[in-house]
$ cat data.txt   # compact mmCIF, N, CA and C atoms and all ligand atoms
# COMPACT_ATOMS: atom_id res chain seq x y z
N MET V 577 -50.01 53.19 44.41
CA MET V 577 -50.65 52.28 45.37
C MET V 577 -49.97 52.37 46.73
N THR V 578 -50.73 51.99 47.71
CA THR V 578 -50.19 51.98 49.07
C THR V 578 -50.93 50.93 49.89
N PHE V 579 -50.39 50.62 51.03
CA PHE V 579 -51.14 49.84 52.00
C PHE V 579 -51.77 50.79 53.00
N VAL V 580 -52.84 50.32 53.65
CA VAL V 580 -53.66 51.19 54.48
C VAL V 580 -53.94 50.49 55.82
N VAL V 581 -53.83 51.22 56.92
CA VAL V 581 -54.22 50.68 58.22
C VAL V 581 -55.71 50.98 58.43
N THR V 582 -56.48 49.96 58.81
CA THR V 582 -57.93 50.14 58.92
C THR V 582 -58.40 49.99 60.38
N GLU V 583 -59.70 49.97 60.52
CA GLU V 583 -60.36 50.14 61.82
C GLU V 583 -59.88 49.23 62.95
N ASN V 584 -59.57 47.98 62.64
CA ASN V 584 -59.28 47.08 63.76
C ASN V 584 -57.96 47.38 64.46
N CYS V 585 -57.16 48.26 63.92
CA CYS V 585 -55.94 48.70 64.63
C CYS V 585 -56.28 49.58 65.84
N ILE V 586 -57.41 50.26 65.77
CA ILE V 586 -57.77 51.19 66.84
C ILE V 586 -57.85 50.45 68.18
N LYS V 587 -57.13 50.98 69.16
CA LYS V 587 -57.06 50.41 70.52
C LYS V 587 -56.32 49.08 70.59
N CYS V 588 -55.83 48.57 69.48
CA CYS V 588 -55.00 47.36 69.49
C CYS V 588 -53.53 47.78 69.35
N LYS V 589 -53.23 48.47 68.27
CA LYS V 589 -51.89 49.06 68.08
C LYS V 589 -50.76 48.13 68.51
N PHE V 590 -50.71 46.96 67.90
CA PHE V 590 -49.70 45.96 68.28
C PHE V 590 -48.28 46.35 67.84
N THR V 591 -48.18 47.12 66.79
CA THR V 591 -46.92 47.65 66.22
C THR V 591 -45.97 46.60 65.61
N ASP V 592 -46.41 45.37 65.46
CA ASP V 592 -45.58 44.38 64.75
C ASP V 592 -45.28 44.85 63.33
N CYS V 593 -46.21 45.59 62.76
CA CYS V 593 -46.08 46.09 61.39
C CYS V 593 -44.84 46.98 61.23
N VAL V 594 -44.59 47.79 62.23
CA VAL V 594 -43.50 48.75 62.19
C VAL V 594 -42.15 48.04 62.03
N GLU V 595 -42.04 46.93 62.72
CA GLU V 595 -40.78 46.19 62.76
C GLU V 595 -40.33 45.72 61.38
N VAL V 596 -41.26 45.43 60.50
CA VAL V 596 -40.87 44.84 59.20
C VAL V 596 -40.82 45.85 58.05
N CYS V 597 -41.29 47.06 58.27
CA CYS V 597 -41.37 48.00 57.15
C CYS V 597 -39.97 48.49 56.75
N PRO V 598 -39.57 48.23 55.50
CA PRO V 598 -38.22 48.59 55.07
C PRO V 598 -38.02 50.09 54.87
N VAL V 599 -39.10 50.84 54.77
CA VAL V 599 -38.94 52.28 54.52
C VAL V 599 -39.47 53.14 55.68
N ASP V 600 -39.79 52.50 56.81
CA ASP V 600 -40.21 53.24 58.02
C ASP V 600 -41.31 54.26 57.72
N CYS V 601 -42.39 53.79 57.12
CA CYS V 601 -43.43 54.75 56.74
C CYS V 601 -44.68 54.69 57.62
N PHE V 602 -44.51 54.18 58.86
CA PHE V 602 -45.63 54.19 59.81
C PHE V 602 -45.57 55.44 60.70
N TYR V 603 -46.74 55.95 61.02
CA TYR V 603 -46.86 57.15 61.86
C TYR V 603 -47.83 56.84 63.00
N GLU V 604 -47.51 57.36 64.18
CA GLU V 604 -48.20 56.90 65.39
C GLU V 604 -49.06 57.97 66.05
N GLY V 605 -50.32 57.61 66.29
CA GLY V 605 -51.19 58.44 67.09
C GLY V 605 -51.42 57.78 68.44
N PRO V 606 -52.25 58.37 69.28
CA PRO V 606 -52.47 57.83 70.63
C PRO V 606 -52.97 56.38 70.66
N ASN V 607 -53.85 56.01 69.74
CA ASN V 607 -54.35 54.62 69.79
C ASN V 607 -54.52 53.99 68.41
N PHE V 608 -53.71 54.44 67.45
CA PHE V 608 -53.86 53.96 66.06
C PHE V 608 -52.58 54.31 65.30
N LEU V 609 -52.27 53.52 64.29
CA LEU V 609 -51.13 53.82 63.43
C LEU V 609 -51.64 54.07 62.01
N VAL V 610 -50.89 54.82 61.25
CA VAL V 610 -51.22 54.99 59.83
C VAL V 610 -49.97 54.80 58.97
N ILE V 611 -50.21 54.57 57.69
CA ILE V 611 -49.13 54.43 56.71
C ILE V 611 -49.12 55.67 55.82
N HIS V 612 -47.94 56.22 55.60
CA HIS V 612 -47.84 57.37 54.68
C HIS V 612 -47.90 56.86 53.24
N PRO V 613 -48.94 57.25 52.49
CA PRO V 613 -49.12 56.68 51.15
C PRO V 613 -48.03 57.07 50.16
N ASP V 614 -47.36 58.17 50.39
CA ASP V 614 -46.31 58.59 49.45
C ASP V 614 -44.98 57.88 49.74
N GLU V 615 -44.89 57.25 50.91
CA GLU V 615 -43.64 56.60 51.29
C GLU V 615 -43.70 55.08 51.17
N CYS V 616 -44.89 54.53 51.29
CA CYS V 616 -45.07 53.07 51.20
C CYS V 616 -44.65 52.58 49.82
N ILE V 617 -43.85 51.51 49.78
CA ILE V 617 -43.38 50.98 48.49
C ILE V 617 -44.14 49.70 48.09
N ASP V 618 -45.25 49.45 48.80
CA ASP V 618 -46.12 48.33 48.41
C ASP V 618 -45.45 46.96 48.51
N CYS V 619 -44.58 46.81 49.47
CA CYS V 619 -43.85 45.54 49.57
C CYS V 619 -44.71 44.43 50.16
N ALA V 620 -45.78 44.81 50.88
CA ALA V 620 -46.74 43.85 51.47
C ALA V 620 -46.21 43.10 52.69
N LEU V 621 -45.04 43.43 53.14
CA LEU V 621 -44.47 42.71 54.29
C LEU V 621 -45.27 42.90 55.57
N CYS V 622 -45.85 44.07 55.74
CA CYS V 622 -46.55 44.36 57.00
C CYS V 622 -47.89 43.63 57.11
N GLU V 623 -48.52 43.39 56.01
CA GLU V 623 -49.89 42.86 56.02
C GLU V 623 -50.04 41.58 56.85
N PRO V 624 -49.20 40.56 56.63
CA PRO V 624 -49.37 39.33 57.42
C PRO V 624 -48.86 39.45 58.86
N GLU V 625 -48.14 40.49 59.17
CA GLU V 625 -47.58 40.64 60.52
C GLU V 625 -48.60 41.16 61.53
N CYS V 626 -49.65 41.80 61.07
CA CYS V 626 -50.59 42.44 61.99
C CYS V 626 -51.50 41.41 62.67
N PRO V 627 -51.41 41.26 64.00
CA PRO V 627 -52.26 40.29 64.70
C PRO V 627 -53.74 40.64 64.62
N ALA V 628 -54.03 41.89 64.27
CA ALA V 628 -55.43 42.33 64.19
C ALA V 628 -55.94 42.31 62.75
N ASN V 629 -55.11 41.86 61.81
CA ASN V 629 -55.48 41.87 60.39
C ASN V 629 -56.06 43.21 59.96
N ALA V 630 -55.39 44.26 60.34
CA ALA V 630 -55.91 45.60 60.08
C ALA V 630 -55.30 46.26 58.84
N ILE V 631 -54.32 45.59 58.22
CA ILE V 631 -53.63 46.22 57.09
C ILE V 631 -54.06 45.59 55.77
N PHE V 632 -54.41 46.46 54.84
CA PHE V 632 -54.87 46.01 53.52
C PHE V 632 -54.23 46.85 52.43
N SER V 633 -54.08 46.24 51.27
CA SER V 633 -53.73 47.01 50.10
C SER V 633 -54.86 47.99 49.81
N GLU V 634 -54.50 49.13 49.29
CA GLU V 634 -55.48 50.19 49.01
C GLU V 634 -56.71 49.69 48.25
N ASP V 635 -56.49 48.77 47.32
CA ASP V 635 -57.63 48.31 46.51
C ASP V 635 -58.35 47.11 47.14
N GLU V 636 -57.95 46.74 48.35
CA GLU V 636 -58.64 45.62 49.02
C GLU V 636 -59.19 46.02 50.38
N VAL V 637 -59.26 47.31 50.63
CA VAL V 637 -59.81 47.80 51.90
C VAL V 637 -61.26 47.32 52.03
N PRO V 638 -61.62 46.75 53.20
CA PRO V 638 -62.98 46.21 53.36
C PRO V 638 -64.06 47.26 53.09
N GLU V 639 -65.18 46.78 52.60
CA GLU V 639 -66.30 47.66 52.31
C GLU V 639 -66.70 48.44 53.56
N GLY V 640 -66.95 49.69 53.39
CA GLY V 640 -67.36 50.53 54.52
C GLY V 640 -66.19 51.19 55.21
N GLN V 641 -64.96 50.78 54.87
CA GLN V 641 -63.80 51.37 55.52
C GLN V 641 -62.95 52.19 54.54
N GLU V 642 -63.56 52.54 53.42
CA GLU V 642 -62.82 53.27 52.39
C GLU V 642 -62.29 54.60 52.90
N ASP V 643 -62.97 55.17 53.88
CA ASP V 643 -62.51 56.47 54.39
C ASP V 643 -61.16 56.37 55.10
N PHE V 644 -60.75 55.16 55.45
CA PHE V 644 -59.44 55.00 56.09
C PHE V 644 -58.29 55.31 55.12
N ILE V 645 -58.55 55.23 53.82
CA ILE V 645 -57.51 55.56 52.84
C ILE V 645 -57.13 57.03 53.00
N GLU V 646 -58.14 57.88 53.04
CA GLU V 646 -57.91 59.31 53.21
C GLU V 646 -57.39 59.63 54.61
N LEU V 647 -57.90 58.89 55.58
CA LEU V 647 -57.49 59.11 56.96
C LEU V 647 -56.00 58.80 57.17
N ASN V 648 -55.50 57.72 56.55
CA ASN V 648 -54.08 57.41 56.64
C ASN V 648 -53.26 58.56 56.06
N GLU V 649 -53.69 59.03 54.92
CA GLU V 649 -52.97 60.12 54.25
C GLU V 649 -52.94 61.37 55.13
N LYS V 650 -54.08 61.70 55.69
CA LYS V 650 -54.18 62.92 56.49
C LYS V 650 -53.37 62.83 57.79
N LEU V 651 -53.51 61.73 58.50
CA LEU V 651 -52.87 61.62 59.81
C LEU V 651 -51.37 61.37 59.70
N ALA V 652 -50.92 60.79 58.59
CA ALA V 652 -49.48 60.58 58.40
C ALA V 652 -48.74 61.91 58.31
N GLU V 653 -49.44 62.95 57.89
CA GLU V 653 -48.83 64.27 57.80
C GLU V 653 -48.75 64.93 59.18
N LYS V 654 -49.56 64.45 60.08
CA LYS V 654 -49.74 65.12 61.36
C LYS V 654 -49.01 64.41 62.50
N TRP V 655 -48.93 63.09 62.43
CA TRP V 655 -48.39 62.30 63.54
C TRP V 655 -46.89 62.04 63.37
N PRO V 656 -46.18 61.73 64.47
CA PRO V 656 -44.76 61.42 64.40
C PRO V 656 -44.48 60.02 63.84
N ASN V 657 -43.34 59.88 63.23
CA ASN V 657 -42.89 58.61 62.68
C ASN V 657 -42.62 57.61 63.80
N ILE V 658 -42.92 56.33 63.56
CA ILE V 658 -42.56 55.29 64.53
C ILE V 658 -41.77 54.22 63.80
N THR V 659 -40.61 53.84 64.34
CA THR V 659 -39.73 52.92 63.62
C THR V 659 -39.42 51.65 64.41
N GLU V 660 -39.86 51.60 65.68
CA GLU V 660 -39.57 50.40 66.47
C GLU V 660 -40.83 49.88 67.14
N ILE V 661 -40.89 48.56 67.24
CA ILE V 661 -42.02 47.92 67.91
C ILE V 661 -42.05 48.34 69.38
N LYS V 662 -43.23 48.47 69.94
CA LYS V 662 -43.37 48.81 71.36
C LYS V 662 -44.52 47.98 71.95
N PRO V 663 -44.58 47.88 73.27
CA PRO V 663 -45.64 47.05 73.86
C PRO V 663 -47.02 47.57 73.47
N ALA V 664 -47.92 46.66 73.18
CA ALA V 664 -49.31 47.03 72.86
C ALA V 664 -50.01 47.46 74.14
N PRO V 665 -51.12 48.20 74.03
CA PRO V 665 -51.90 48.53 75.22
C PRO V 665 -52.28 47.24 75.97
N GLU V 666 -52.38 47.33 77.29
CA GLU V 666 -52.64 46.13 78.09
C GLU V 666 -53.92 45.40 77.69
N ASP V 667 -54.92 46.18 77.26
CA ASP V 667 -56.20 45.56 76.91
C ASP V 667 -56.35 45.35 75.40
N ALA V 668 -55.24 45.37 74.68
CA ALA V 668 -55.29 45.27 73.21
C ALA V 668 -56.03 44.01 72.75
N ASP V 669 -55.78 42.89 73.39
CA ASP V 669 -56.42 41.65 72.96
C ASP V 669 -57.93 41.71 73.11
N ASN V 670 -58.38 42.45 74.12
CA ASN V 670 -59.84 42.57 74.33
C ASN V 670 -60.51 43.35 73.21
N TRP V 671 -59.75 44.23 72.57
CA TRP V 671 -60.33 45.08 71.52
C TRP V 671 -60.18 44.48 70.13
N ASN V 672 -59.41 43.42 70.02
CA ASN V 672 -59.18 42.81 68.71
C ASN V 672 -60.47 42.20 68.20
N GLY V 673 -60.98 42.73 67.10
CA GLY V 673 -62.20 42.18 66.50
C GLY V 673 -63.48 42.88 66.93
N VAL V 674 -63.39 43.80 67.88
CA VAL V 674 -64.58 44.54 68.30
C VAL V 674 -65.06 45.41 67.12
N GLU V 675 -66.34 45.44 66.88
CA GLU V 675 -66.86 46.21 65.75
C GLU V 675 -67.08 47.68 66.11
N ASN V 676 -67.14 48.48 65.09
CA ASN V 676 -67.44 49.92 65.26
C ASN V 676 -66.50 50.64 66.22
N LYS V 677 -65.21 50.45 66.01
CA LYS V 677 -64.22 51.13 66.87
C LYS V 677 -63.86 52.52 66.36
N ARG V 678 -64.38 52.86 65.21
CA ARG V 678 -64.05 54.14 64.58
C ARG V 678 -64.25 55.30 65.57
N LYS V 679 -65.29 55.19 66.40
CA LYS V 679 -65.61 56.29 67.32
C LYS V 679 -64.56 56.47 68.41
N TYR V 680 -63.71 55.49 68.60
CA TYR V 680 -62.68 55.60 69.64
C TYR V 680 -61.37 56.20 69.13
N LEU V 681 -61.28 56.41 67.83
CA LEU V 681 -60.04 56.93 67.26
C LEU V 681 -59.73 58.32 67.80
N ILE V 682 -58.54 58.46 68.34
CA ILE V 682 -58.10 59.76 68.85
C ILE V 682 -57.13 60.35 67.83
N GLU V 683 -57.48 61.48 67.25
CA GLU V 683 -56.65 62.04 66.18
C GLU V 683 -55.60 63.00 66.69
N THR V 684 -55.85 63.61 67.85
CA THR V 684 -54.89 64.60 68.36
C THR V 684 -53.83 63.93 69.21
N PRO V 685 -52.63 64.50 69.27
CA PRO V 685 -51.60 63.95 70.16
C PRO V 685 -52.09 63.97 71.60
N GLU V 686 -51.59 63.04 72.42
CA GLU V 686 -52.07 62.92 73.79
C GLU V 686 -51.97 64.23 74.57
N SER V 687 -50.93 64.98 74.32
CA SER V 687 -50.73 66.22 75.08
C SER V 687 -51.85 67.24 74.83
N GLU V 688 -52.48 67.16 73.67
CA GLU V 688 -53.53 68.13 73.35
C GLU V 688 -54.91 67.57 73.64
N ASN V 689 -54.93 66.40 74.25
CA ASN V 689 -56.13 65.61 74.13
C ASN V 689 -56.76 65.16 75.44
N GLN V 690 -56.30 65.70 76.53
CA GLN V 690 -56.67 65.13 77.83
C GLN V 690 -58.18 65.02 78.04
N ASP V 691 -58.95 65.94 77.53
CA ASP V 691 -60.39 65.86 77.81
C ASP V 691 -61.19 65.28 76.66
N GLN V 692 -60.51 64.66 75.73
CA GLN V 692 -61.23 64.18 74.55
C GLN V 692 -61.38 62.67 74.48
N GLN V 693 -60.81 61.96 75.44
CA GLN V 693 -60.82 60.51 75.34
C GLN V 693 -62.20 59.93 75.67
N GLU V 694 -62.46 58.76 75.11
CA GLU V 694 -63.64 57.96 75.45
C GLU V 694 -64.95 58.71 75.29
N LYS V 695 -65.06 59.53 74.26
CA LYS V 695 -66.34 60.21 74.02
C LYS V 695 -67.34 59.21 73.46
FE1 LIG K 1 -44.08 49.43 54.81
FE2 LIG K 1 -44.22 47.58 52.89
FE3 LIG K 1 -46.21 47.83 54.62
FE4 LIG K 1 -45.82 49.72 52.79
S1 LIG K 1 -46.42 47.59 52.39
S2 LIG K 1 -46.22 50.06 54.95
S3 LIG K 1 -43.57 49.71 52.62
S4 LIG K 1 -44.11 47.19 55.11
FE1 LIG K 2 -52.04 48.36 64.17
FE2 LIG K 2 -51.68 45.91 63.35
FE3 LIG K 2 -49.72 47.59 63.21
S1 LIG K 2 -52.84 46.53 65.11
S2 LIG K 2 -50.06 48.92 64.92
S3 LIG K 2 -51.61 47.76 62.11
S4 LIG K 2 -49.55 45.46 63.78

$ encode --input "data.txt" --output "structure tokens"
Amino acid sequence: MTFVVTENCIKCKFTDCVEVCPVDCFYEGPNFLVIHPDECIDCALCEPECPANAIFSEDEVPEGQEDFIELNEKLAEKWPNITEIKPAPEDADNWNGVENKRKYLIETPESENQDQQEK
């Protein structure tokens, strides 16, 4: 079992979750975080910390967001580890709760991605 970061983290990325994880298993992309499923110890500490309520146990992922389970696994292999809280994007609060944010997810690191934003 693992915990999973889901859609509402996109463009919010508050990073409060990172601060409490005892095994540092969060990985950071340009506008989203993921949890490495092989490293997560299922402690559940991060779930209540997320101001966007974006973290769920694998078996409680909201309907329609099941693909985020695979996405966390895939992107955790690709993105760098993040171990400390950092300031959220300035407009993070405006994006909290916005529906259908999946299309804004940027999978590539910023350096490879200059012409891919906001498609
Ligand atoms: Fe880290 Fe625990 Fe959250 Fe897993 S459930 S990501 S180990 S804080
Ligand atoms: Fe994302 Fe919530 Fe963490 S918005 S970065 S999962 S605190």

$ residues_near_point --input "data.txt" --point "(-41.4, 53.2, 67.0)" --cutoff "8 Å" --atoms "only N, CA and C atoms" --output "PyMOL selection string"
chain V and resi 591+594-595+602+604+657-662

$ atom_distance --input "data.txt" --atom1 "CA of Cys622 in chain V" --atom2 "atom C of Ile645 in chain V"
17.0 Å

$ closest_residue --input "data.txt" --among "V:Glu642, V:Glu683, V:Asp592, V:Asp600" --to "ligand LIG 2 (chain K)" --atoms "all atoms listed in the file"
V:Asp592

$ axis_aligned_box --input "data.txt" --around "ligand LIG 2 (chain K)" --padding-each-side "5 Å" --output "JSON"
{"center_x": -51.2, "center_y": 47.2, "center_z": 63.6, "size_x": 13.3, "size_y": 13.5, "size_z": 13.0}

$ closest_atom_pairs --input "data.txt" --of "chain V" --to "ligand LIG 2 (chain K)" --cutoff "6.5 Å" --atoms "only N, CA and C atoms and all ligand atoms" --output "tab-separated table"
residue	atom	partner	partner_atom	distance
V:Val581	CA	K:LIG2	S3	5.5
V:Thr582	N	K:LIG2	S3	6.3
V:Asn584	C	K:LIG2	S1	5.2
V:Cys585	CA	K:LIG2	S1	3.8
V:Ile586	N	K:LIG2	FE1	5.9
V:Cys588	C	K:LIG2	S1	4.5
V:Lys589	CA	K:LIG2	S2	3.7
V:Phe590	N	K:LIG2	S1	3.5
V:Thr591	N	K:LIG2	S2	3.2
V:Asp592	N	K:LIG2	S4	3.6
V:Cys593	N	K:LIG2	S4	3.5
V:Val594	N	K:LIG2	FE3	5.2
V:Phe608	C	K:LIG2	S2	6.0
V:Leu609	N	K:LIG2	S2	5.1
V:Glu625	C	K:LIG2	S4	4.9
V:Cys626	CA	K:LIG2	S4	3.7
V:Pro627	N	K:LIG2	S4	4.6
V:Ala628	N	K:LIG2	FE2	4.7
V:Asn629	N	K:LIG2	FE2	5.5
V:Ala630	N	K:LIG2	FE2	5.1
V:Ile631	N	K:LIG2	S3	5.2

$ closest_atom_pairs --input "data.txt" --of "chain V" --to "ligand LIG 1 (chain K)" --cutoff "6 Å" --atoms "only C-alpha atoms and all ligand atoms" --output "Markdown table"
| residue | atom | partner | partner_atom | distance |
| --- | --- | --- | --- | --- |
| V:Phe579 | CA | K:LIG1 | S1 | 5.2 |
| V:Val596 | CA | K:LIG1 | S4 | 5.7 |
| V:Cys597 | CA | K:LIG1 | S4 | 3.5 |
| V:Pro598 | CA | K:LIG1 | FE1 | 5.9 |
| V:Val599 | CA | K:LIG1 | S3 | 5.6 |
| V:Cys601 | CA | K:LIG1 | FE1 | 5.7 |
| V:Ile611 | CA | K:LIG1 | S2 | 5.5 |
| V:Cys616 | CA | K:LIG1 | FE4 | 3.8 |
| V:Ile617 | CA | K:LIG1 | S3 | 4.3 |
| V:Asp618 | CA | K:LIG1 | S1 | 4.1 |
| V:Cys619 | CA | K:LIG1 | FE2 | 3.9 |
| V:Ala620 | CA | K:LIG1 | S1 | 3.9 |
| V:Leu621 | CA | K:LIG1 | S4 | 4.6 |
| V:Cys622 | CA | K:LIG1 | S4 | 4.2 |
